[in-house]
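Coordinates as given in structure30.pdb (PDB, C-alpha atoms):
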```pdb
ATOM      1  CA  MET I   1      57.375  17.863  89.893
ATOM      2  CA  LEU I   2      60.461  17.144  87.763
ATOM      3  CA  VAL I   3      58.621  18.370  84.680
ATOM      4  CA  ASP I   4      58.242  21.672  86.524
ATOM      5  CA  ALA I   5      61.724  21.853  88.043
ATOM      6  CA  LEU I   6      63.641  20.888  84.904
ATOM      7  CA  ALA I   7      61.258  22.154  82.197
ATOM      8  CA  VAL I   8      61.153  18.757  80.469
ATOM      9  CA  ASP I   9      58.315  16.783  78.876
ATOM     10  CA  GLU I  10      56.485  14.211  80.955
ATOM     11  CA  ASP I  11      57.527  11.310  78.705
ATOM     12  CA  GLU I  12      61.212  12.167  79.275
ATOM     13  CA  VAL I  13      60.871  11.506  83.004
ATOM     14  CA  THR I  14      61.482   7.754  83.074
ATOM     15  CA  LEU I  15      62.856   5.893  86.103
ATOM     16  CA  ASN I  16      66.280   5.416  84.514
ATOM     17  CA  ALA I  17      66.670   8.958  83.200
ATOM     18  CA  SER I  18      69.777  10.647  84.601
ATOM     19  CA  LEU I  19      68.947  14.083  86.017
ATOM     20  CA  VAL I  20      72.095  15.677  84.615
ATOM     21  CA  ARG I  21      72.791  13.718  81.436
ATOM     22  CA  ASP I  22      69.254  13.097  80.187
ATOM     23  CA  LEU I  23      67.183  15.840  81.776
ATOM     24  CA  GLY I  24      69.741  18.667  81.694
ATOM     25  CA  ALA I  25      69.733  19.435  85.429
ATOM     26  CA  GLU I  26      72.175  22.103  86.646
ATOM     27  CA  SER I  27      73.366  22.721  90.186
ATOM     28  CA  ILE I  28      70.565  25.132  91.116
ATOM     29  CA  ASP I  29      68.025  22.581  89.892
ATOM     30  CA  PHE I  30      69.110  20.200  92.660
ATOM     31  CA  LEU I  31      68.195  22.840  95.229
ATOM     32  CA  ASP I  32      64.912  23.414  93.405
ATOM     33  CA  ILE I  33      64.155  19.677  93.524
ATOM     34  CA  VAL I  34      64.876  19.596  97.275
ATOM     35  CA  PHE I  35      62.527  22.558  97.868
ATOM     36  CA  LYS I  36      59.796  21.049  95.709
ATOM     37  CA  LEU I  37      60.022  17.639  97.430
ATOM     38  CA  GLU I  38      59.727  19.292 100.838
ATOM     39  CA  GLN I  39      56.687  21.218  99.669
ATOM     40  CA  ALA I  40      55.014  18.209  98.039
ATOM     41  CA  PHE I  41      55.593  15.661 100.814
ATOM     42  CA  GLY I  42      55.789  17.858 103.897
ATOM     43  CA  PHE I  43      59.105  16.486 105.190
ATOM     44  CA  LYS I  44      62.364  18.371 105.802
ATOM     45  CA  ILE I  45      65.487  17.495 103.833
ATOM     46  CA  GLN I  46      68.820  18.318 105.461
ATOM     47  CA  GLN I  47      71.674  19.754 103.407
ATOM     48  CA  GLY I  48      73.575  16.815 101.899
ATOM     49  CA  GLU I  49      70.813  14.306 102.636
ATOM     50  CA  LEU I  50      69.539  13.790  99.075
ATOM     51  CA  PHE I  51      72.542  14.960  97.043
ATOM     52  CA  PRO I  52      76.143  14.710  98.255
ATOM     53  CA  GLU I  53      78.285  17.598  99.424
ATOM     54  CA  ASN I  54      81.663  18.205 101.021
ATOM     55  CA  VAL I  55      83.079  15.085  99.377
ATOM     56  CA  ALA I  56      84.971  16.664  96.476
ATOM     57  CA  GLN I  57      86.966  19.024  98.742
ATOM     58  CA  ASP I  58      88.259  16.363 101.085
ATOM     59  CA  PRO I  59      91.646  14.937  99.960
ATOM     60  CA  LYS I  60      90.878  11.819 102.000
ATOM     61  CA  TYR I  61      87.894  11.151  99.760
ATOM     62  CA  VAL I  62      89.170  12.206  96.337
ATOM     63  CA  GLN I  63      92.547  11.560  94.743
ATOM     64  CA  ALA I  64      93.455  12.272  91.108
ATOM     65  CA  GLY I  65      89.837  12.664  90.089
ATOM     66  CA  LYS I  66      88.789   9.330  91.596
ATOM     67  CA  VAL I  67      86.759   8.833  94.722
ATOM     68  CA  THR I  68      88.785   6.755  97.232
ATOM     69  CA  SER I  69      87.438   3.709  99.059
ATOM     70  CA  ASP I  70      86.980   5.930 102.138
ATOM     71  CA  GLY I  71      85.044   8.333  99.939
ATOM     72  CA  ILE I  72      82.848   5.566  98.524
ATOM     73  CA  ALA I  73      82.121   4.301 102.037
ATOM     74  CA  ALA I  74      81.195   7.819 103.142
ATOM     75  CA  LEU I  75      78.891   8.291 100.147
ATOM     76  CA  LYS I  76      77.186   4.962 100.746
ATOM     77  CA  ALA I  77      76.649   5.758 104.409
ATOM     78  CA  ARG I  78      75.235   9.202 103.697
ATOM     79  CA  LEU I  79      73.180   8.317 100.626
ATOM     80  CA  PRO I  80      71.540   4.900 101.119
ATOM     81  CA  HIS I  81      68.998   5.675  98.367
ATOM     82  CA  VAL I  82      71.687   5.782  95.652
ATOM     83  CA  ASP I  83      72.732   2.742  93.629
ATOM     84  CA  PHE I  84      76.550   2.924  93.447
ATOM     85  CA  SER I  85      77.103  -0.609  92.064
ATOM     86  CA  THR I  86      78.018   0.213  88.430
ATOM     87  CA  TRP I  87      79.791   3.473  89.181
ATOM     88  CA  GLU I  88      82.102   2.086  91.878
ATOM     89  CA  LYS I  89      83.950  -0.038  89.308
ATOM     90  CA  ASP I  90      85.315   3.243  87.931
ATOM     91  CA  PRO I  91      84.550   5.829  90.619
ATOM     92  CA  SER I  92      85.305   9.070  88.753
ATOM     93  CA  LEU I  93      84.380  12.223  90.626
ATOM     94  CA  ASN I  94      82.949  13.863  87.509
ATOM     95  CA  LYS I  95      80.550  10.970  87.025
ATOM     96  CA  VAL I  96      79.018  11.186  90.503
ATOM     97  CA  ALA I  97      76.316  13.534  89.247
ATOM     98  CA  GLU I  98      75.210  10.938  86.684
ATOM     99  CA  LEU I  99      74.348   8.532  89.497
ATOM    100  CA  PHE I 100      71.286  10.564  90.260
ATOM    101  CA  THR I 101      68.333   9.316  88.284
ATOM    102  CA  VAL I 102      64.597   9.688  88.620
ATOM    103  CA  ASP I 103      64.662   6.327  90.411
ATOM    104  CA  THR I 104      67.108   7.732  93.009
ATOM    105  CA  ILE I 105      64.576  10.386  93.937
ATOM    106  CA  VAL I 106      61.729   7.870  94.059
ATOM    107  CA  ARG I 107      63.763   5.653  96.414
ATOM    108  CA  PHE I 108      64.694   8.635  98.561
ATOM    109  CA  VAL I 109      61.055   9.669  98.930
ATOM    110  CA  GLU I 110      59.961   6.092  99.697
ATOM    111  CA  LYS I 111      62.613   5.835 102.451
ATOM    112  CA  LYS I 112      61.623   9.218 103.895
ATOM    113  CA  LEU I 113      57.978   8.256 104.006
ATOM    114  CA  GLY I 114      58.877   4.946 105.594
TER     115      GLY I 114
ATOM    116  CA  MET M   1      67.857  49.967  88.397
ATOM    117  CA  TRP M   2      64.592  48.542  87.122
ATOM    118  CA  ILE M   3      62.545  49.628  90.100
ATOM    119  CA  ASP M   4      61.986  53.185  91.306
ATOM    120  CA  ARG M   5      60.892  52.778  94.894
ATOM    121  CA  VAL M   6      60.337  50.197  97.591
ATOM    122  CA  VAL M   7      56.874  50.779  99.054
ATOM    123  CA  GLU M   8      56.541  47.902 101.530
ATOM    124  CA  LEU M   9      59.009  45.641 103.260
ATOM    125  CA  VAL M  10      58.178  42.841 105.677
ATOM    126  CA  ALA M  11      61.533  41.294 106.573
ATOM    127  CA  SER M  12      62.054  37.740 105.271
ATOM    128  CA  GLN M  13      58.502  37.637 103.915
ATOM    129  CA  LYS M  14      57.447  40.259 101.422
ATOM    130  CA  LEU M  15      58.707  43.246  99.460
ATOM    131  CA  VAL M  16      56.657  45.503  97.213
ATOM    132  CA  ALA M  17      58.251  47.906  94.739
ATOM    133  CA  ILE M  18      56.997  50.136  91.962
ATOM    134  CA  LYS M  19      58.343  51.278  88.643
ATOM    135  CA  ASN M  20      57.016  54.078  86.506
ATOM    136  CA  VAL M  21      57.424  53.324  82.816
ATOM    137  CA  SER M  22      58.681  56.450  81.033
ATOM    138  CA  LEU M  23      58.925  57.394  77.389
ATOM    139  CA  ALA M  24      62.302  58.920  78.297
ATOM    140  CA  GLU M  25      63.731  55.391  78.534
ATOM    141  CA  GLU M  26      65.839  55.081  75.428
ATOM    142  CA  HIS M  27      65.054  51.463  74.578
ATOM    143  CA  LEU M  28      61.381  52.356  74.134
ATOM    144  CA  GLN M  29      62.347  54.352  71.027
ATOM    145  CA  ASP M  30      63.323  51.071  69.388
ATOM    146  CA  HIS M  31      60.874  48.702  71.040
ATOM    147  CA  PHE M  32      59.026  49.260  68.828
ATOM    148  CA  GLY M  33      60.010  52.155  66.570
ATOM    149  CA  ALA M  34      57.959  53.327  63.606
ATOM    150  CA  ASP M  35      58.251  51.195  60.483
ATOM    151  CA  GLY M  36      57.614  53.558  57.548
ATOM    152  CA  ALA M  37      57.990  50.842  54.941
ATOM    153  CA  ARG M  38      55.115  48.912  56.458
ATOM    154  CA  GLY M  39      53.149  52.003  57.344
ATOM    155  CA  LEU M  40      53.337  51.314  61.079
ATOM    156  CA  GLY M  41      53.621  54.047  63.693
ATOM    157  CA  ALA M  42      55.812  53.786  66.791
ATOM    158  CA  CYS M  43      54.501  51.390  69.436
ATOM    159  CA  PRO M  44      56.530  51.720  72.642
ATOM    160  CA  VAL M  45      56.137  48.621  74.837
ATOM    161  CA  MET M  46      58.314  47.763  77.836
ATOM    162  CA  PRO M  47      60.320  44.652  76.871
ATOM    163  CA  ALA M  48      59.215  41.642  78.912
ATOM    164  CA  CYS M  49      62.820  40.871  79.892
ATOM    165  CA  PHE M  50      63.010  44.206  81.734
ATOM    166  CA  ILE M  51      59.732  43.487  83.537
ATOM    167  CA  ILE M  52      61.278  40.201  84.671
ATOM    168  CA  GLU M  53      64.476  42.027  85.686
ATOM    169  CA  GLY M  54      62.413  44.436  87.827
ATOM    170  CA  MET M  55      60.702  41.482  89.484
ATOM    171  CA  ALA M  56      64.081  39.814  90.051
ATOM    172  CA  GLN M  57      65.546  42.968  91.615
ATOM    173  CA  THR M  58      62.533  43.171  93.920
ATOM    174  CA  GLY M  59      62.984  39.533  94.957
ATOM    175  CA  GLY M  60      66.756  39.906  95.246
ATOM    176  CA  ILE M  61      66.482  42.850  97.647
ATOM    177  CA  LEU M  62      64.005  40.895  99.788
ATOM    178  CA  VAL M  63      66.332  37.878  99.994
ATOM    179  CA  GLY M  64      69.407  40.067 100.567
ATOM    180  CA  HIS M  65      67.675  42.088 103.274
ATOM    181  CA  ALA M  66      66.765  38.898 105.155
ATOM    182  CA  GLU M  67      70.492  38.310 105.783
ATOM    183  CA  GLY M  68      71.317  41.964 106.395
ATOM    184  CA  PHE M  69      72.933  42.208 102.910
ATOM    185  CA  ARG M  70      75.910  40.231 104.219
ATOM    186  CA  LEU M  71      75.638  37.563 101.502
ATOM    187  CA  ASN M  72      75.850  37.917  97.745
ATOM    188  CA  VAL M  73      72.445  36.973  96.377
ATOM    189  CA  VAL M  74      72.188  36.128  92.703
ATOM    190  CA  LEU M  75      69.259  35.173  90.534
ATOM    191  CA  ALA M  76      69.932  31.518  89.766
ATOM    192  CA  LYS M  77      66.833  30.376  87.968
ATOM    193  CA  ILE M  78      63.579  31.624  86.552
ATOM    194  CA  SER M  79      61.295  28.630  86.844
ATOM    195  CA  ARG M  80      58.172  30.053  85.263
ATOM    196  CA  VAL M  81      56.937  33.323  83.822
ATOM    197  CA  GLU M  82      53.485  34.310  82.722
ATOM    198  CA  LEU M  83      52.857  37.843  81.472
ATOM    199  CA  LEU M  84      49.366  38.613  80.225
ATOM    200  CA  ARG M  85      49.519  42.328  79.537
ATOM    201  CA  ASP M  86      52.000  44.802  78.035
ATOM    202  CA  ALA M  87      53.332  47.750  80.011
ATOM    203  CA  ILE M  88      53.458  51.051  78.127
ATOM    204  CA  PRO M  89      54.789  54.542  78.918
ATOM    205  CA  GLY M  90      52.753  56.203  81.640
ATOM    206  CA  ASP M  91      51.965  52.908  83.409
ATOM    207  CA  THR M  92      52.983  52.236  86.993
ATOM    208  CA  LEU M  93      54.145  48.674  87.541
ATOM    209  CA  ARG M  94      53.928  47.084  90.963
ATOM    210  CA  TYR M  95      56.169  44.150  91.834
ATOM    211  CA  THR M  96      55.282  42.008  94.850
ATOM    212  CA  ALA M  97      57.854  39.421  95.933
ATOM    213  CA  THR M  98      57.117  36.840  98.611
ATOM    214  CA  ILE M  99      59.574  34.277  99.945
ATOM    215  CA  GLU M 100      58.207  30.744  99.690
ATOM    216  CA  ARG M 101      61.234  29.039 101.207
ATOM    217  CA  MET M 102      64.704  30.128 102.262
ATOM    218  CA  ASP M 103      67.709  28.373 103.743
ATOM    219  CA  ALA M 104      71.499  28.752 103.813
ATOM    220  CA  MET M 105      71.793  27.751 100.157
ATOM    221  CA  GLY M 106      69.158  29.971  98.611
ATOM    222  CA  ALA M 107      65.524  30.920  98.317
ATOM    223  CA  THR M 108      62.473  30.431  96.138
ATOM    224  CA  VAL M 109      60.457  33.568  95.557
ATOM    225  CA  LYS M 110      57.034  34.070  94.038
ATOM    226  CA  GLY M 111      56.557  37.310  92.174
ATOM    227  CA  THR M 112      53.296  38.921  91.135
ATOM    228  CA  ILE M 113      53.101  41.939  88.876
ATOM    229  CA  ASP M 114      50.265  44.355  88.301
ATOM    230  CA  LEU M 115      49.921  47.821  86.880
ATOM    231  CA  ILE M 116      47.873  50.979  86.899
ATOM    232  CA  ARG M 117      47.153  52.475  83.483
ATOM    233  CA  HIS M 118      46.800  56.048  84.600
ATOM    234  CA  GLY M 119      44.595  57.346  81.778
ATOM    235  CA  ASP M 120      42.051  54.556  82.233
ATOM    236  CA  ASP M 121      42.267  54.965  85.965
ATOM    237  CA  HIS M 122      41.646  58.698  85.819
ATOM    238  CA  ARG M 123      38.736  58.453  83.376
ATOM    239  CA  ALA M 124      37.113  55.671  85.384
ATOM    240  CA  SER M 125      37.287  57.757  88.508
ATOM    241  CA  ILE M 126      35.672  60.715  86.706
ATOM    242  CA  ALA M 127      32.936  58.554  85.197
ATOM    243  CA  SER M 128      31.985  56.465  88.199
ATOM    244  CA  GLY M 129      33.988  57.803  91.104
ATOM    245  CA  THR M 130      35.780  54.439  91.279
ATOM    246  CA  PRO M 131      39.350  54.271  89.946
ATOM    247  CA  ALA M 132      40.161  51.302  87.728
ATOM    248  CA  GLY M 133      42.922  50.303  90.180
ATOM    249  CA  TRP M 134      45.588  47.660  89.837
ATOM    250  CA  GLN M 135      45.245  45.253  86.953
ATOM    251  CA  PRO M 136      47.087  41.930  86.900
ATOM    252  CA  VAL M 137      50.090  41.614  84.582
ATOM    253  CA  GLY M 138      51.443  38.206  85.533
ATOM    254  CA  THR M 139      53.601  36.041  87.765
ATOM    255  CA  VAL M 140      57.263  35.041  87.927
ATOM    256  CA  GLU M 141      58.686  32.119  89.921
ATOM    257  CA  MET M 142      62.365  32.584  90.779
ATOM    258  CA  MET M 143      65.210  30.985  92.671
ATOM    259  CA  PHE M 144      68.021  32.925  94.282
ATOM    260  CA  SER M 145      71.331  31.480  95.363
ATOM    261  CA  HIS M 146      73.391  32.602  98.335
ATOM    262  CA  LEU M 147      76.492  32.594  96.185
ATOM    263  CA  ASP M 148      78.931  32.672  99.105
ATOM    264  CA  ASN M 149      77.469  29.443 100.507
ATOM    265  CA  ASN M 150      77.403  27.656  97.166
ATOM    266  CA  MET M 151      80.493  28.648  95.264
ATOM    267  CA  GLY M 152      82.701  30.832  97.417
ATOM    268  CA  ALA M 153      85.972  29.811  99.045
ATOM    269  CA  GLY M 154      85.402  26.421 100.647
ATOM    270  CA  GLY M 155      82.158  26.047  98.736
ATOM    271  CA  GLN M 156      81.337  23.317  96.290
ATOM    272  CA  ALA M 157      83.253  24.681  93.342
ATOM    273  CA  GLY M 158      86.076  26.120  95.447
ATOM    274  CA  ARG M 159      86.132  29.313  93.420
ATOM    275  CA  ASP M 160      87.296  32.645  94.755
ATOM    276  CA  PHE M 161      85.158  35.741  94.589
ATOM    277  CA  PRO M 162      85.981  39.373  95.327
ATOM    278  CA  SER M 163      85.806  40.187  99.010
ATOM    279  CA  GLY M 164      82.869  42.235 100.231
ATOM    280  CA  ASN M 165      79.396  42.339  98.762
ATOM    281  CA  PHE M 166      79.534  42.891  95.013
ATOM    282  CA  VAL M 167      75.818  42.364  94.394
ATOM    283  CA  PHE M 168      74.245  44.993  96.629
ATOM    284  CA  GLY M 169      76.176  48.049  95.522
ATOM    285  CA  GLU M 170      75.548  51.761  95.685
ATOM    286  CA  SER M 171      72.416  51.792  93.501
ATOM    287  CA  PHE M 172      70.601  49.360  95.824
ATOM    288  CA  GLN M 173      71.628  51.365  98.900
ATOM    289  CA  THR M 174      70.434  54.579  97.266
ATOM    290  CA  LEU M 175      67.115  53.022  96.340
ATOM    291  CA  LEU M 176      66.450  51.763  99.849
ATOM    292  CA  ARG M 177      67.528  55.030 101.439
ATOM    293  CA  SER M 178      65.363  57.150  99.135
ATOM    294  CA  SER M 179      62.443  54.785  99.820
ATOM    295  CA  GLY M 180      62.804  55.435 103.539
ATOM    296  CA  TYR M 181      64.315  52.056 104.509
TER     297      TYR M 181
END
```
Just dump the structure as structure tokens.
Amino acid sequence: MLVDALAVDEDEVTLNASLVRDLGAESIDFLDIVFKLEQAFGFKIQQGELFPENVAQDPKYVQAGKVTSDGIAALKARLPHVDFSTWEKDPSLNKVAELFTVDTIVRFVEKKLG
Amino acid sequence: MWIDRVVELVASQKLVAIKNVSLAEEHLQDHFGADGARGLGACPVMPACFIIEGMAQTGGILVGHAEGFRLNVVLAKISRVELLRDAIPGDTLRYTATIERMDAMGATVKGTIDLIRHGDDHRASIASGTPAGWQPVGTVEMMFSHLDNNMGAGGQAGRDFPSGNFVFGESFQTLLRSSGY
């Protein structure tokens, strides 16, 4: 599915590969991935359920390019499938996208399927 | 515009459009012009990028129509293209766009393209009484973004865009009107 959505080779899709940094995903690709997951697994994904949204615009959540502790708490609550442990030591907003790896998607799907 | 007429429209589901490829189109003089040095005559072939553009316009109108042309719809991604046959002057191309999935953010659209080669069609109908009919050209998988919901004021990037709809301008309105929609 990721080979299709991101036009990458199968051997590039490893669990630790970052969607943005390693596999070259752009914003529209995230929507594509959501659509393809829904099609493949037959579940519905709400806006903001797999990938975050409406965090960057909220001054309560982001200050001077860093995500605040309120922001981190909100992200963790909304996105339980994401591993924030390394990132939260230096929670830069522009590094949020790098948190999303192939493993993140696998965990998301596993949670959805129960 | 890279389509001439809309021939079928089922709201939020399917749109079919046709384009007649004409030798009067200037780019066909160069694609491909005669090459005297190599002893090659002119070989006008519709560039594949324009076939894809026609398919994208067909899909874009379908997605725009579904929201009453209130939102700016832009082609965001071409996921896959397969074109098996060239289109040449005198051919009629048919673009069929179907919506696979659509939500507030955007839509995925499947496009299929076929053509009638009128000479072959005519001769076949003389010879056997059965026209050759539509022949498959290929498929295009596309994604469209509802730009206003993704990047407009208050959107993810917080960028400002011109007010009003700047995607579906006069040429789209004219096309739909002249097609009877």
Residue members of the PyMOL selection byres ((chain I and resi 98) around 9) in the file shown, as a ChimeraX atom specification = /I:18-21,94-97,99-101
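Distance annotation: of M:Ile88, M:Leu175, M:Val167, M:Val137, the residue with the minimal separation from Leu71 in chain M is M:Val167; atom set is all atoms listed in the file.
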Neighbours of Ser179 in chain M within 10 Å (all atoms listed in the file; same-chain residues fewer than 4 positions away dropped), as number ranges by chain?
-> M: 4-8, 17, 173-175
Please dump the current selection as an mmCIF file, in the frame of the given file; keep C-alpha atoms.
```
data_model
loop_
_atom_site.group_PDB
_atom_site.id
_atom_site.type_symbol
_atom_site.label_atom_id
_atom_site.label_comp_id
_atom_site.auth_asym_id
_atom_site.auth_seq_id
_atom_site.Cartn_x
_atom_site.Cartn_y
_atom_site.Cartn_z
ATOM 1 C CA ASP M 4 61.986 53.185 91.306
ATOM 2 C CA ARG M 5 60.892 52.778 94.894
ATOM 3 C CA VAL M 6 60.337 50.197 97.591
ATOM 4 C CA VAL M 7 56.874 50.779 99.054
ATOM 5 C CA GLU M 8 56.541 47.902 101.530
ATOM 6 C CA ALA M 17 58.251 47.906 94.739
ATOM 7 C CA GLN M 173 71.628 51.365 98.900
ATOM 8 C CA THR M 174 70.434 54.579 97.266
ATOM 9 C CA LEU M 175 67.115 53.022 96.340
#
```
Select residues of chain I: the criterion is any atom within 10 Å of an atom of chain M, counting only C-alpha atoms; output as a VMD selection string.
-> chain I and resid 4 to 7 26 to 29 31 to 32 35 to 36 38 to 39 47 53 to 57
Can those selected residues be exported to a file as a PDB file, in the coordinates of the input so that it contains C-alpha atoms?
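This is the output file selection-v3.pdb:
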```pdb
ATOM      1  CA  ASP I   4      58.242  21.672  86.524  1.00  0.00           C
ATOM      2  CA  ALA I   5      61.724  21.853  88.043  1.00  0.00           C
ATOM      3  CA  LEU I   6      63.641  20.888  84.904  1.00  0.00           C
ATOM      4  CA  ALA I   7      61.258  22.154  82.197  1.00  0.00           C
ATOM      5  CA  GLU I  26      72.175  22.103  86.646  1.00  0.00           C
ATOM      6  CA  SER I  27      73.366  22.721  90.186  1.00  0.00           C
ATOM      7  CA  ILE I  28      70.565  25.132  91.116  1.00  0.00           C
ATOM      8  CA  ASP I  29      68.025  22.581  89.892  1.00  0.00           C
ATOM      9  CA  LEU I  31      68.195  22.840  95.229  1.00  0.00           C
ATOM     10  CA  ASP I  32      64.912  23.414  93.405  1.00  0.00           C
ATOM     11  CA  PHE I  35      62.527  22.558  97.868  1.00  0.00           C
ATOM     12  CA  LYS I  36      59.796  21.049  95.709  1.00  0.00           C
ATOM     13  CA  GLU I  38      59.727  19.292 100.838  1.00  0.00           C
ATOM     14  CA  GLN I  39      56.687  21.218  99.669  1.00  0.00           C
ATOM     15  CA  GLN I  47      71.674  19.754 103.407  1.00  0.00           C
ATOM     16  CA  GLU I  53      78.285  17.598  99.424  1.00  0.00           C
ATOM     17  CA  ASN I  54      81.663  18.205 101.021  1.00  0.00           C
ATOM     18  CA  VAL I  55      83.079  15.085  99.377  1.00  0.00           C
ATOM     19  CA  ALA I  56      84.971  16.664  96.476  1.00  0.00           C
ATOM     20  CA  GLN I  57      86.966  19.024  98.742  1.00  0.00           C
TER      21      GLN I  57
END
```
Which residues come within 10 Å of Leu75 in chain I, counting all atoms listed in the file, excluding same-chain residues fewer than 5 positions away, as an MDAnalysis selection string?
-> chainID I and resid 51:53 55 61 67 69:70 80 82 84
Please, could you write that set of residues out with C-alpha atoms as a PDB file, in the coordinates of the input?
```pdb
ATOM      1  CA  PHE I  51      72.542  14.960  97.043  1.00  0.00           C
ATOM      2  CA  PRO I  52      76.143  14.710  98.255  1.00  0.00           C
ATOM      3  CA  GLU I  53      78.285  17.598  99.424  1.00  0.00           C
ATOM      4  CA  VAL I  55      83.079  15.085  99.377  1.00  0.00           C
ATOM      5  CA  TYR I  61      87.894  11.151  99.760  1.00  0.00           C
ATOM      6  CA  VAL I  67      86.759   8.833  94.722  1.00  0.00           C
ATOM      7  CA  SER I  69      87.438   3.709  99.059  1.00  0.00           C
ATOM      8  CA  ASP I  70      86.980   5.930 102.138  1.00  0.00           C
ATOM      9  CA  PRO I  80      71.540   4.900 101.119  1.00  0.00           C
ATOM     10  CA  VAL I  82      71.687   5.782  95.652  1.00  0.00           C
ATOM     11  CA  PHE I  84      76.550   2.924  93.447  1.00  0.00           C
TER      12      PHE I  84
END
```
Spatial neighbours of Met55 in chain M, max dist 10 Å, all atoms listed in the file, sep filter under 3 positions, as a PyMOL selection string | chain M and resi 2-3+16-18+49-52+58-60+93-97+109-113+139-142
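Going from CA of Lys44 in chain I to CA of Met1 in chain I covers 16.7 Å.
With CA of Asn16 in chain I on one side and CA of Lys66 in chain I on the other, the separation reads 23.9 Å.
For the pair CA of Val3 in chain I and CA of Val74 in chain M, the separation is 23.7 Å.
Nearest residue to Thr68 in chain I among I:Val106, I:Leu93, I:Val13, I:Leu23 is I:Leu93, counting all atoms listed in the file.
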Up to 9 Å from (43.6, 48.3, 91.4) in the file's coordinates: name the residues, counting all atoms listed in the file, as a ChimeraX atom specification.
-> /M:114-116,121,131-136
Spatial neighbours of Asp30 in chain M, max dist 12 Å, all atoms listed in the file, sep filter under 3 positions, as a list in words = Leu23, Ala24, Glu25, Glu26, His27, Gly33, Ala34, Asp35, Gly41, Ala42, Cys43, Pro44, Val45, Met46 and Pro47 of chain M
Let me see the file: selected residues, C-alpha atoms, as a PDB file, in the frame of the given file.
```pdb
ATOM      1  CA  LEU M  23      58.925  57.394  77.389  1.00  0.00           C
ATOM      2  CA  ALA M  24      62.302  58.920  78.297  1.00  0.00           C
ATOM      3  CA  GLU M  25      63.731  55.391  78.534  1.00  0.00           C
ATOM      4  CA  GLU M  26      65.839  55.081  75.428  1.00  0.00           C
ATOM      5  CA  HIS M  27      65.054  51.463  74.578  1.00  0.00           C
ATOM      6  CA  GLY M  33      60.010  52.155  66.570  1.00  0.00           C
ATOM      7  CA  ALA M  34      57.959  53.327  63.606  1.00  0.00           C
ATOM      8  CA  ASP M  35      58.251  51.195  60.483  1.00  0.00           C
ATOM      9  CA  GLY M  41      53.621  54.047  63.693  1.00  0.00           C
ATOM     10  CA  ALA M  42      55.812  53.786  66.791  1.00  0.00           C
ATOM     11  CA  CYS M  43      54.501  51.390  69.436  1.00  0.00           C
ATOM     12  CA  PRO M  44      56.530  51.720  72.642  1.00  0.00           C
ATOM     13  CA  VAL M  45      56.137  48.621  74.837  1.00  0.00           C
ATOM     14  CA  MET M  46      58.314  47.763  77.836  1.00  0.00           C
ATOM     15  CA  PRO M  47      60.320  44.652  76.871  1.00  0.00           C
TER      16      PRO M  47
END
```
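Distances here use all atoms listed in the file; by that measure, the residue among M:Gly119, M:Gly54, M:Gly138, M:Gly169 closest to Leu83 in chain M is M:Gly138.
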What are the centre and the three edge lengths of an axis-aligned box that wraps all atoms of range 50-56 of chain M in the file, given that 4 Å is added to every side, written as JSON and rounded to one decimal in Å?
```
{"center_x": 62.1, "center_y": 42.1, "center_z": 85.9, "size_x": 12.7, "size_y": 12.6, "size_z": 16.3}
```
